[in-house]
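Colleague: So here's structure.cif, just mmCIF, C-alpha atoms:
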data_coords
#
loop_
_atom_site.label_atom_id
_atom_site.label_comp_id
_atom_site.auth_asym_id
_atom_site.auth_seq_id
_atom_site.Cartn_x
_atom_site.Cartn_y
_atom_site.Cartn_z
CA MET J 1 0.00 0.00 0.00
CA THR J 2 1.41 3.40 -1.02
CA THR J 3 2.11 5.81 1.82
CA PRO J 4 0.31 9.12 1.23
CA PRO J 5 2.54 12.18 0.86
CA PRO J 6 3.07 14.27 4.00
CA SER J 7 0.61 17.09 4.64
CA ARG J 8 3.35 19.37 5.97
CA ILE J 9 6.76 19.82 4.38
CA ALA J 10 9.71 22.15 4.78
CA VAL J 11 11.60 24.01 2.07
CA VAL J 12 15.07 25.07 3.20
CA GLY J 13 16.46 28.07 1.36
CA ALA J 14 14.19 31.00 0.45
CA GLY J 15 15.87 31.98 -2.81
CA VAL J 16 14.01 31.94 -6.12
CA MET J 17 13.99 28.15 -6.46
CA GLY J 18 13.08 27.52 -2.82
CA SER J 19 10.22 30.00 -2.88
CA GLU J 20 8.99 28.53 -6.18
CA ILE J 21 8.92 25.03 -4.67
CA ALA J 22 7.15 26.37 -1.57
CA GLN J 23 4.50 28.01 -3.76
CA VAL J 24 3.92 24.80 -5.71
CA ALA J 25 3.43 22.80 -2.50
CA ALA J 26 1.18 25.40 -0.90
CA ALA J 27 -0.95 25.71 -4.04
CA ALA J 28 -1.39 21.91 -3.95
CA GLY J 29 -2.83 22.17 -0.43
CA LEU J 30 0.22 21.30 1.69
CA ASP J 31 1.30 23.28 4.73
CA VAL J 32 4.83 24.58 4.15
CA VAL J 33 7.59 25.76 6.45
CA LEU J 34 9.95 28.04 4.49
CA LEU J 35 13.24 28.15 6.39
CA ASP J 36 16.22 30.43 5.84
CA ALA J 37 18.91 31.72 8.19
CA ASP J 38 18.62 35.21 6.66
CA PRO J 39 15.44 37.17 7.58
CA ALA J 40 15.90 39.43 4.54
CA ALA J 41 16.04 36.38 2.26
CA LEU J 42 12.84 35.10 3.85
CA ALA J 43 11.12 38.41 3.18
CA ARG J 44 12.21 38.32 -0.47
CA GLY J 45 11.09 34.70 -0.77
CA MET J 46 7.63 35.47 0.59
CA GLU J 47 7.35 38.42 -1.77
CA HIS J 48 8.27 36.12 -4.67
CA LEU J 49 5.57 33.67 -3.52
CA ARG J 50 3.03 36.47 -3.41
CA GLY J 51 4.06 37.60 -6.88
CA ILE J 52 3.55 34.13 -8.37
CA GLY J 53 -0.01 34.08 -7.02
CA GLU J 54 -0.74 37.59 -8.27
CA ARG J 55 0.50 36.76 -11.77
CA ARG J 56 -1.58 33.59 -11.86
CA VAL J 57 -4.68 35.50 -10.80
CA ALA J 58 -4.01 38.17 -13.44
CA ARG J 59 -3.71 35.47 -16.12
CA GLY J 60 -6.87 33.66 -15.02
CA ARG J 61 -5.00 30.54 -13.87
CA MET J 62 -5.94 30.88 -10.20
CA ASP J 63 -8.69 32.71 -8.38
CA GLU J 64 -7.85 35.32 -5.77
CA ALA J 65 -9.16 33.25 -2.85
CA ALA J 66 -6.96 30.28 -3.82
CA ALA J 67 -3.90 32.54 -4.12
CA HIS J 68 -4.50 33.99 -0.65
CA ALA J 69 -5.09 30.50 0.79
CA ALA J 70 -1.84 29.20 -0.71
CA LEU J 71 0.12 32.11 0.74
CA ALA J 72 -1.46 31.54 4.14
CA ARG J 73 -0.24 27.92 4.16
CA VAL J 74 3.41 29.06 4.12
CA THR J 75 5.13 29.81 7.43
CA ALA J 76 8.41 31.70 7.10
CA THR J 77 10.94 31.07 9.87
CA ILE J 78 14.63 31.14 10.81
CA ASP J 79 14.09 28.52 13.54
CA ASP J 80 15.14 24.91 12.85
CA ALA J 81 12.73 23.77 15.59
CA ALA J 82 9.83 24.40 13.19
CA LEU J 83 10.98 21.36 11.17
CA ALA J 84 10.01 18.84 13.84
CA SER J 85 6.43 18.60 12.54
CA CYS J 86 7.40 18.16 8.86
CA GLY J 87 7.31 14.79 7.13
CA LEU J 88 9.80 15.86 4.46
CA ALA J 89 12.29 18.67 3.94
CA VAL J 90 13.51 19.83 0.52
CA GLU J 91 16.89 21.56 0.57
CA ALA J 92 17.25 24.37 -1.99
CA VAL J 93 20.42 26.21 -0.92
CA PRO J 94 23.31 27.19 -3.26
CA GLU J 95 25.02 24.48 -5.34
CA VAL J 96 28.10 24.23 -3.11
CA LEU J 97 28.68 20.80 -1.59
CA GLU J 98 30.08 22.10 1.72
CA ILE J 99 27.05 24.36 2.23
CA LYS J 100 24.65 21.54 1.47
CA LEU J 101 26.48 19.10 3.75
CA ASP J 102 26.19 21.56 6.63
CA VAL J 103 22.48 22.03 5.95
CA PHE J 104 21.90 18.27 5.78
CA ARG J 105 23.54 17.75 9.17
CA ARG J 106 21.30 20.43 10.66
CA LEU J 107 18.19 18.98 9.05
CA ASP J 108 19.04 15.48 10.26
CA ASP J 109 19.12 16.82 13.82
CA ALA J 110 15.93 18.87 13.49
CA LEU J 111 13.63 16.47 11.63
CA SER J 112 11.77 13.61 13.27
CA PRO J 113 13.43 10.18 12.79
CA GLY J 114 10.90 9.05 10.20
CA ALA J 115 11.01 12.18 8.03
CA LEU J 116 12.48 12.19 4.52
CA LEU J 117 15.26 14.51 3.41
CA ALA J 118 15.45 15.65 -0.22
CA THR J 119 17.91 17.78 -2.13
CA ASN J 120 17.02 19.93 -5.13
CA THR J 121 20.57 19.74 -6.45
CA SER J 122 20.94 19.75 -10.22
CA GLY J 123 24.04 17.56 -10.16
CA LEU J 124 25.78 17.12 -6.79
CA SER J 125 25.99 13.66 -5.24
CA VAL J 126 22.86 12.54 -3.42
CA THR J 127 24.95 9.73 -1.91
CA ALA J 128 27.48 12.16 -0.44
CA LEU J 129 24.71 14.26 1.11
CA ALA J 130 22.99 11.15 2.50
CA GLU J 131 26.23 10.02 4.17
CA ALA J 132 26.20 13.23 6.24
CA THR J 133 22.99 12.01 7.95
CA SER J 134 21.88 9.19 10.22
CA ARG J 135 19.18 8.21 7.70
CA PRO J 136 20.85 7.63 4.30
CA ASP J 137 18.04 5.29 3.23
CA ARG J 138 15.59 8.19 3.65
CA VAL J 139 17.51 10.69 1.50
CA LEU J 140 16.72 11.32 -2.16
CA GLY J 141 17.03 13.93 -4.87
CA LEU J 142 13.99 15.90 -6.02
CA HIS J 143 15.35 18.00 -8.87
CA PHE J 144 12.74 20.61 -9.80
CA PHE J 145 13.26 22.58 -13.00
CA ASN J 146 13.29 26.35 -13.10
CA PRO J 147 10.82 27.98 -12.77
CA ALA J 148 9.33 25.27 -10.55
CA SER J 149 5.93 26.98 -10.50
CA VAL J 150 5.72 26.39 -14.28
CA MET J 151 7.92 23.44 -15.27
CA ARG J 152 6.29 20.04 -14.80
CA LEU J 153 9.27 17.69 -14.55
CA VAL J 154 10.86 16.58 -11.28
CA GLU J 155 13.77 14.14 -11.51
CA VAL J 156 13.51 11.69 -8.58
CA ILE J 157 17.10 10.70 -7.85
CA ARG J 158 18.13 7.51 -6.10
CA GLY J 159 21.37 7.65 -4.13
CA ARG J 160 23.36 4.52 -3.30
CA ALA J 161 21.49 3.89 -0.03
CA THR J 162 18.06 5.32 -0.96
CA SER J 163 15.32 2.79 -0.23
CA GLU J 164 12.56 1.84 -2.65
CA GLU J 165 10.04 3.11 -0.09
CA THR J 166 11.71 6.53 -0.11
CA ILE J 167 11.70 6.72 -3.91
CA ALA J 168 8.02 5.73 -4.00
CA ALA J 169 7.21 8.38 -1.38
CA GLY J 170 9.08 10.98 -3.43
CA GLU J 171 7.14 10.03 -6.55
CA ALA J 172 3.86 10.23 -4.63
CA LEU J 173 4.72 13.72 -3.39
CA VAL J 174 5.69 14.93 -6.86
CA SER J 175 2.43 13.60 -8.31
CA ALA J 176 0.45 15.25 -5.48
CA LEU J 177 2.07 18.55 -6.47
CA GLY J 178 0.74 18.13 -9.99
CA LYS J 179 4.20 17.47 -11.42
CA VAL J 180 5.63 14.62 -13.52
CA PRO J 181 8.09 12.38 -11.60
CA VAL J 182 10.83 10.55 -13.52
CA ARG J 183 13.10 8.08 -11.73
CA VAL J 184 16.76 8.73 -12.41
CA ARG J 185 19.77 6.77 -11.21
CA GLU J 186 22.44 9.02 -9.74
CA CYS J 187 25.15 10.10 -12.16
CA PRO J 188 26.90 13.42 -12.95
CA GLY J 189 24.37 15.77 -14.56
CA PHE J 190 21.51 13.35 -13.87
CA LEU J 191 19.37 13.08 -17.04
CA VAL J 192 17.99 16.20 -18.74
CA ASN J 193 21.01 18.43 -18.07
CA ARG J 194 23.33 15.68 -19.25
CA ILE J 195 21.52 15.33 -22.59
CA LEU J 196 21.01 19.06 -23.14
CA VAL J 197 24.55 20.12 -22.29
CA ARG J 198 26.03 17.41 -24.51
CA ALA J 199 23.91 18.72 -27.39
CA MET J 200 24.93 22.30 -26.69
CA ALA J 201 28.63 21.45 -26.48
CA GLU J 202 28.48 19.66 -29.83
CA ALA J 203 26.70 22.63 -31.38
CA TYR J 204 29.23 25.17 -30.10
CA ARG J 205 32.16 23.16 -31.42
CA ARG J 206 30.56 22.83 -34.84
CA ALA J 207 29.63 26.51 -34.98
CA GLU J 208 33.22 27.42 -34.16
CA ALA J 209 34.51 25.15 -36.91
CA THR J 210 32.09 26.36 -39.59
CA GLY J 211 31.70 30.01 -38.63
CA ALA J 212 27.93 29.58 -38.57
CA ASP J 213 25.78 32.61 -37.79
CA ARG J 214 24.36 32.10 -34.30
CA GLY J 215 20.86 33.28 -35.14
CA ALA J 216 20.79 31.04 -38.19
CA ALA J 217 22.06 28.09 -36.15
CA ASP J 218 19.31 28.56 -33.55
CA ALA J 219 16.71 28.76 -36.33
CA ALA J 220 18.08 25.61 -37.94
CA VAL J 221 17.79 23.73 -34.63
CA ARG J 222 14.19 24.86 -34.18
CA ASP J 223 13.35 23.94 -37.78
CA ALA J 224 15.10 20.56 -37.81
CA GLY J 225 13.71 18.90 -34.70
CA PRO J 226 11.65 18.98 -31.55
CA ALA J 227 13.63 21.53 -29.48
CA PRO J 228 11.82 24.87 -28.90
CA MET J 229 15.07 26.86 -28.62
CA GLY J 230 18.49 26.75 -30.21
CA PRO J 231 21.71 26.33 -28.21
CA PHE J 232 22.73 30.00 -28.21
CA GLU J 233 19.41 31.49 -27.10
CA LEU J 234 19.05 28.69 -24.52
CA ALA J 235 22.47 29.47 -23.06
CA ASP J 236 21.58 33.14 -22.69
CA LEU J 237 18.41 32.13 -20.86
CA ILE J 238 20.18 29.68 -18.51
CA GLY J 239 23.06 32.05 -17.74
CA LEU J 240 26.48 31.49 -19.27
CA ASP J 241 28.25 31.44 -15.90
CA THR J 242 25.91 28.68 -14.68
CA LEU J 243 26.34 26.78 -17.95
CA SER J 244 30.13 27.10 -17.76
CA HIS J 245 30.21 25.38 -14.37
CA ILE J 246 27.99 22.56 -15.65
CA ILE J 247 30.15 22.06 -18.75
CA ASP J 248 33.30 21.90 -16.63
CA ASP J 249 31.77 19.34 -14.27
CA LEU J 250 30.45 17.14 -17.06
CA GLU J 251 33.68 17.30 -19.06
CA GLU J 252 35.56 16.22 -15.93
CA ALA J 253 33.09 13.35 -15.42
CA TYR J 254 32.67 12.12 -18.98
CA GLY J 255 35.53 13.49 -21.04
CA ALA J 256 35.98 15.39 -24.26
CA ARG J 257 32.50 14.85 -25.69
CA PHE J 258 31.32 17.58 -23.27
CA ALA J 259 34.06 20.06 -24.27
CA ASP J 260 32.61 23.14 -25.99
CA GLY J 261 35.85 24.54 -27.42
CA GLY J 262 35.89 27.36 -24.89
CA ALA J 263 32.89 29.13 -26.42
CA VAL J 264 31.06 29.68 -23.13
CA ALA J 265 34.13 30.47 -21.03
CA ARG J 266 35.16 33.25 -23.45
CA GLU J 267 31.82 35.00 -23.02
CA VAL J 268 31.96 34.64 -19.23
CA ALA J 269 35.50 36.04 -19.12
CA ALA J 270 34.21 39.10 -20.99
CA GLY J 271 31.42 39.55 -18.44
CA ARG J 272 28.73 38.45 -20.90
CA LEU J 273 26.51 36.17 -18.82
CA GLY J 274 23.34 36.11 -20.89
CA ARG J 275 20.02 37.80 -20.27
CA LYS J 276 20.75 38.50 -16.61
CA SER J 277 23.72 40.71 -17.54
CA GLY J 278 22.17 42.21 -20.67
CA ALA J 279 24.65 40.52 -23.01
CA GLY J 280 25.68 36.99 -23.87
CA PHE J 281 25.78 35.00 -27.08
CA ASP J 282 23.09 37.38 -28.39
CA PRO J 283 22.23 35.24 -31.43
CA GLY J 284 19.70 37.71 -32.81
CA PRO J 285 17.22 36.85 -35.55
CA ALA J 286 18.19 34.46 -38.30
CA PRO J 287 19.18 35.99 -41.63
CA GLU J 288 16.39 35.99 -44.20
CA GLY J 289 15.91 32.88 -46.28
CA GLU J 290 16.74 29.28 -45.53
CA PRO J 291 19.49 28.55 -42.97
CA GLY J 292 22.76 27.93 -44.76
CA GLU J 293 24.83 24.77 -44.79
CA ALA J 294 26.89 25.84 -41.77
CA ALA J 295 23.74 26.41 -39.69
CA ARG J 296 22.32 23.05 -40.73
CA GLU J 297 25.57 21.38 -39.67
CA VAL J 298 25.16 22.95 -36.22
CA ALA J 299 21.63 21.57 -35.99
CA ASP J 300 22.85 18.11 -37.03
CA ALA J 301 25.56 18.27 -34.36
CA TYR J 302 23.06 19.41 -31.72
CA TYR J 303 20.57 16.61 -32.32
CA GLY J 304 23.28 14.03 -32.92
CA GLY J 305 24.82 14.84 -29.55
CA ALA J 306 21.47 14.73 -27.77
CA LEU J 307 20.59 11.37 -29.33
CA ASP J 308 23.96 9.82 -28.55
CA GLU J 309 23.80 10.95 -24.90
CA ALA J 310 20.20 9.77 -24.56
CA ARG J 311 21.24 6.34 -25.85
CA ARG J 312 24.13 6.28 -23.38
CA CYS J 313 21.70 7.09 -20.55
CA ARG J 314 19.42 4.29 -21.76
CA ASP J 315 22.28 1.78 -21.99
CA GLU J 316 23.62 2.79 -18.55
CA ARG J 317 20.08 2.46 -17.15
CA VAL J 318 20.11 6.00 -15.85
CA ALA J 319 16.40 6.00 -16.73
CA ALA J 320 13.99 3.86 -18.69
CA PRO J 321 13.75 4.71 -22.41
CA GLY J 322 10.21 6.04 -22.15
CA ASP J 323 11.17 8.12 -19.13
CA ILE J 324 14.12 9.63 -21.00
CA ASP J 325 11.75 10.95 -23.64
CA LEU J 326 9.18 12.00 -21.05
CA ALA J 327 11.84 13.94 -19.14
CA MET J 328 13.05 15.80 -22.22
CA ARG J 329 9.50 16.78 -23.11
CA HIS J 330 8.60 18.09 -19.66
CA GLY J 331 12.05 19.29 -18.54
CA ALA J 332 13.37 20.78 -21.78
CA GLY J 333 10.14 21.54 -23.61
CA TRP J 334 10.87 19.24 -26.55
CA GLU J 335 7.83 18.20 -28.60
CA ALA J 336 9.19 14.64 -28.61
CA GLY J 337 12.02 13.00 -26.72
CA PRO J 338 15.23 12.21 -28.63
CA LEU J 339 14.75 8.44 -28.71
CA ALA J 340 11.17 8.63 -29.98
CA TRP J 341 12.04 11.43 -32.41
CA ALA J 342 14.88 9.43 -33.92
CA GLU J 343 12.46 6.56 -34.49
CA GLY J 344 9.82 8.85 -35.99
CA SER J 345 7.40 8.14 -33.11
CA THR J 346 4.73 10.55 -31.88
CA PRO J 347 4.66 10.99 -28.08
CA ASP J 348 1.60 10.24 -26.00
CA HIS J 349 0.46 13.43 -24.27
#
In structure tokens, write the structure found in this file.
Modeller:
Amino acid sequence: MTTPPPSRIAVVGAGVMGSEIAQVAAAAGLDVVLLDADPAALARGMEHLRGIGERRVARGRMDEAAAHAALARVTATIDDAALASCGLAVEAVPEVLEIKLDVFRRLDDALSPGALLATNTSGLSVTALAEATSRPDRVLGLHFFNPASVMRLVEVIRGRATSEETIAAGEALVSALGKVPVRVRECPGFLVNRILVRAMAEAYRRAEATGADRGAADAAVRDAGPAPMGPFELADLIGLDTLSHIIDDLEEAYGARFADGGAVAREVAAGRLGRKSGAGFDPGPAPEGEPGEAAREVADAYYGGALDEARRCRDERVAAPGDIDLAMRHGAGWEAGPLAWAEGSTPDH
């Protein structure tokens, strides 16, 4: 018999991602403790929560009473003692292992013995975080995608000691939040980031070699396959500094197939970080007419890299084949996952 998800959870870290996760849980009817050591960060997080509700009301996606009720379910606090009544805590602090390890030790002390502990990391080791606790079998990854209030995918990550019961409870919670859970075996980059960044690295190398126009290359990617954005506009949206760290980590883990030829690092060194800094790759619109041969080569490299990495994830049993495609549709916005697309299959929606 499946254990129902907890009615009260904690979100630790009141930054943008933490406040987004808190809003999702509160809108789904859960009571939420939003914890942060910084009172100013808590105030900003609650304001972000309020803003999500106001935007949804303005767009007709939520009525005003529901938005107020969701906000009222969130308790902001700096006191770890408030965690004692929570059945699960989701950590959403900065992507620095030492910071997360410290938080996990604190949470292990503050939570009840039966509570679950989840990390929202996009690539750090769930196993390493679990080993900092007295309950490694009750630790898992719940990787929400940004913005969590909009994106449907949550990667449910199994660490080395994570029990089947914990994974099932994580999936039940994700489903109760109205999201799509996909089981992923722990590996560097997990699933969606691993496939996307491989595709982007291949595209940057090919663009460098051919001198392809960036706007034309993005257009060729959109025209040639299921991705809604090309690699240059996507990088500007993600943030080139963030992407640079991910590329470095994945190249260290998997080798040269994740090398981008220095394309991202050069922009970061020049202070061009993408939309958040006002400048980045800045692909601009595609030139008029059909994308040229160089742009089409970039698109071929992009989809070839994505397909190869998806097949590697399938063969390594990082996720089931159908879940790989499901994750790319809901986590990257692709109209079809790479495996199904390569086979000419239409996804079930």
Colleague: Output as a tab-separated table one row per residue of stretch 92-157 of chain J within 9 Å of stretch 192-213 of chain J: the closest atom pair and its distance in Å to one decimal place, counting all atoms listed in the file, sorted by chain and residue number ascending.
Modeller:
residue	atom	partner	partner_atom	distance
J:Ser122	CA	J:Asn193	CA	8.0
J:Gly123	CA	J:Asn193	CA	8.5
J:Glu155	CA	J:Val192	CA	8.6
Colleague: Would you kindly identify which residues have an atom no farther than 10 Å from (7.3, 17.0, -20.5), using all atoms listed in the file and the file's own coordinates, and write them out as a PyMOL selection string?
Modeller: chain J and resi 151-154+179-180+323+325-337+349
Colleague: Check the smallest atom-to-atom distance from each of J:Val318, J:Ile324, J:Leu237, J:Ala256 to J:Pro283 using only C-alpha atoms, then report the winner.
Modeller: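 Of J:Val318, J:Ile324, J:Leu237, J:Ala256, the one nearest J:Pro283 is J:Leu237, counting only C-alpha atoms.
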Colleague: So which one's closest to J:Gly225, J:Asp137, J:Glu98, J:Asp300, J:Glu309? Using all atoms listed in the file, please.
Modeller: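 Of all the options, J:Asp300 lies closest to J:Gly225.
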Colleague: What residues come out when you apply the PyMOL selection byres ((chain J and resi 129-131) around 10) to this file, written as an NGL selection string?
Modeller: :J and (97-98 or 100-105 or 108 or 117-119 or 124-128 or 132-141 or 159-162)
Colleague: Could you list, as number ranges by chain, every residue within 12 Å of J:Ala43, counting only C-alpha atoms and ignoring same-chain residues fewer than 3 positions away?
Modeller: J: 13-16, 19, 34-40, 46-50, 75-78
Colleague: Show me, as a PyMOL selection string, the residues that have an atom within 7 Å of stretch 267-281 of chain J when counting only C-alpha atoms, minus same-chain residues fewer than 3 positions from it.
Modeller: chain J and resi 232+236-237+239-241+263-264
Colleague: Listed atoms of stretch 127-145 of chain J, axis-aligned box, 6 Å per side: centre and edge lengths to one decimal in Å, as JSON?
Modeller:
{"center_x": 20.1, "center_y": 13.9, "center_z": -1.4, "size_x": 26.7, "size_y": 29.3, "size_z": 35.2}
Colleague: Can you pull out the residues contacting J:Gly87? Cut-off 12 Å, using all atoms listed in the file, and skip same-chain residues under 2 positions away; I want them as a PyMOL selection string.
Modeller: chain J and resi 3-11+30-33+82-85+89-90+107+110-118+138+166+169-170+173
Colleague: Please evaluate the PyMOL selection byres ((chain J and resi 303) around 9) against the structure above and give the resulting residues as a ChimeraX atom specification.
Modeller: /J:199,202-203,221,224-225,227,298-302,304-308,338
Colleague: Given the choices J:Asn120, J:Cys86, J:Ala340, J:Ala65, which gets closest to J:Gly18 if the distance is worked out from all atoms listed in the file?
Modeller: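 Among J:Asn120, J:Cys86, J:Ala340, J:Ala65, it is J:Asn120 that comes nearest to J:Gly18.
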Colleague: Between atom CA of J:Glu252 and atom CA of J:Pro94, what is the distance, to one decimal in Å?
Modeller: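 Interatomic distance, atom CA of J:Glu252 to atom CA of J:Pro94: 20.8 Å.
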Colleague: Between J:Gly45, J:Gly230, J:Gly178, J:Gly53, which residue has the minimum interatomic distance to J:Arg296, considering only C-alpha atoms?
Modeller: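 For J:Arg296, the nearest of the given residues is J:Gly230.
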Colleague: Please, what distance in Å, to one decimal, runs between atom CA of J:Ala319 and atom CA of J:Phe145?
Modeller: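 Result for atom CA of J:Ala319 versus atom CA of J:Phe145: 17.3 Å, one decimal.
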Colleague: Take atom CA of J:Glu171 and atom CA of J:His143 and report the distance between them in Å, one decimal.
Modeller: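 Pair atom CA of J:Glu171 / atom CA of J:His143 returns 11.7 Å.
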Colleague: Write out as an MDAnalysis selection string which residues come within 12 Å of stretch 58-61 of chain J when counting only C-alpha atoms, dropping same-chain ones fewer than 6 positions away.
Modeller: chainID J and resid 27 51:52 67 149:150
Colleague: Ranking J:Pro291, J:Gly255, J:Gly215, J:Pro285 by minimum distance to J:Pro188 and counting all atoms listed in the file, which one comes first?
Modeller: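 Nearest candidate to J:Pro188 out of J:Pro291, J:Gly255, J:Gly215, J:Pro285: J:Gly255.
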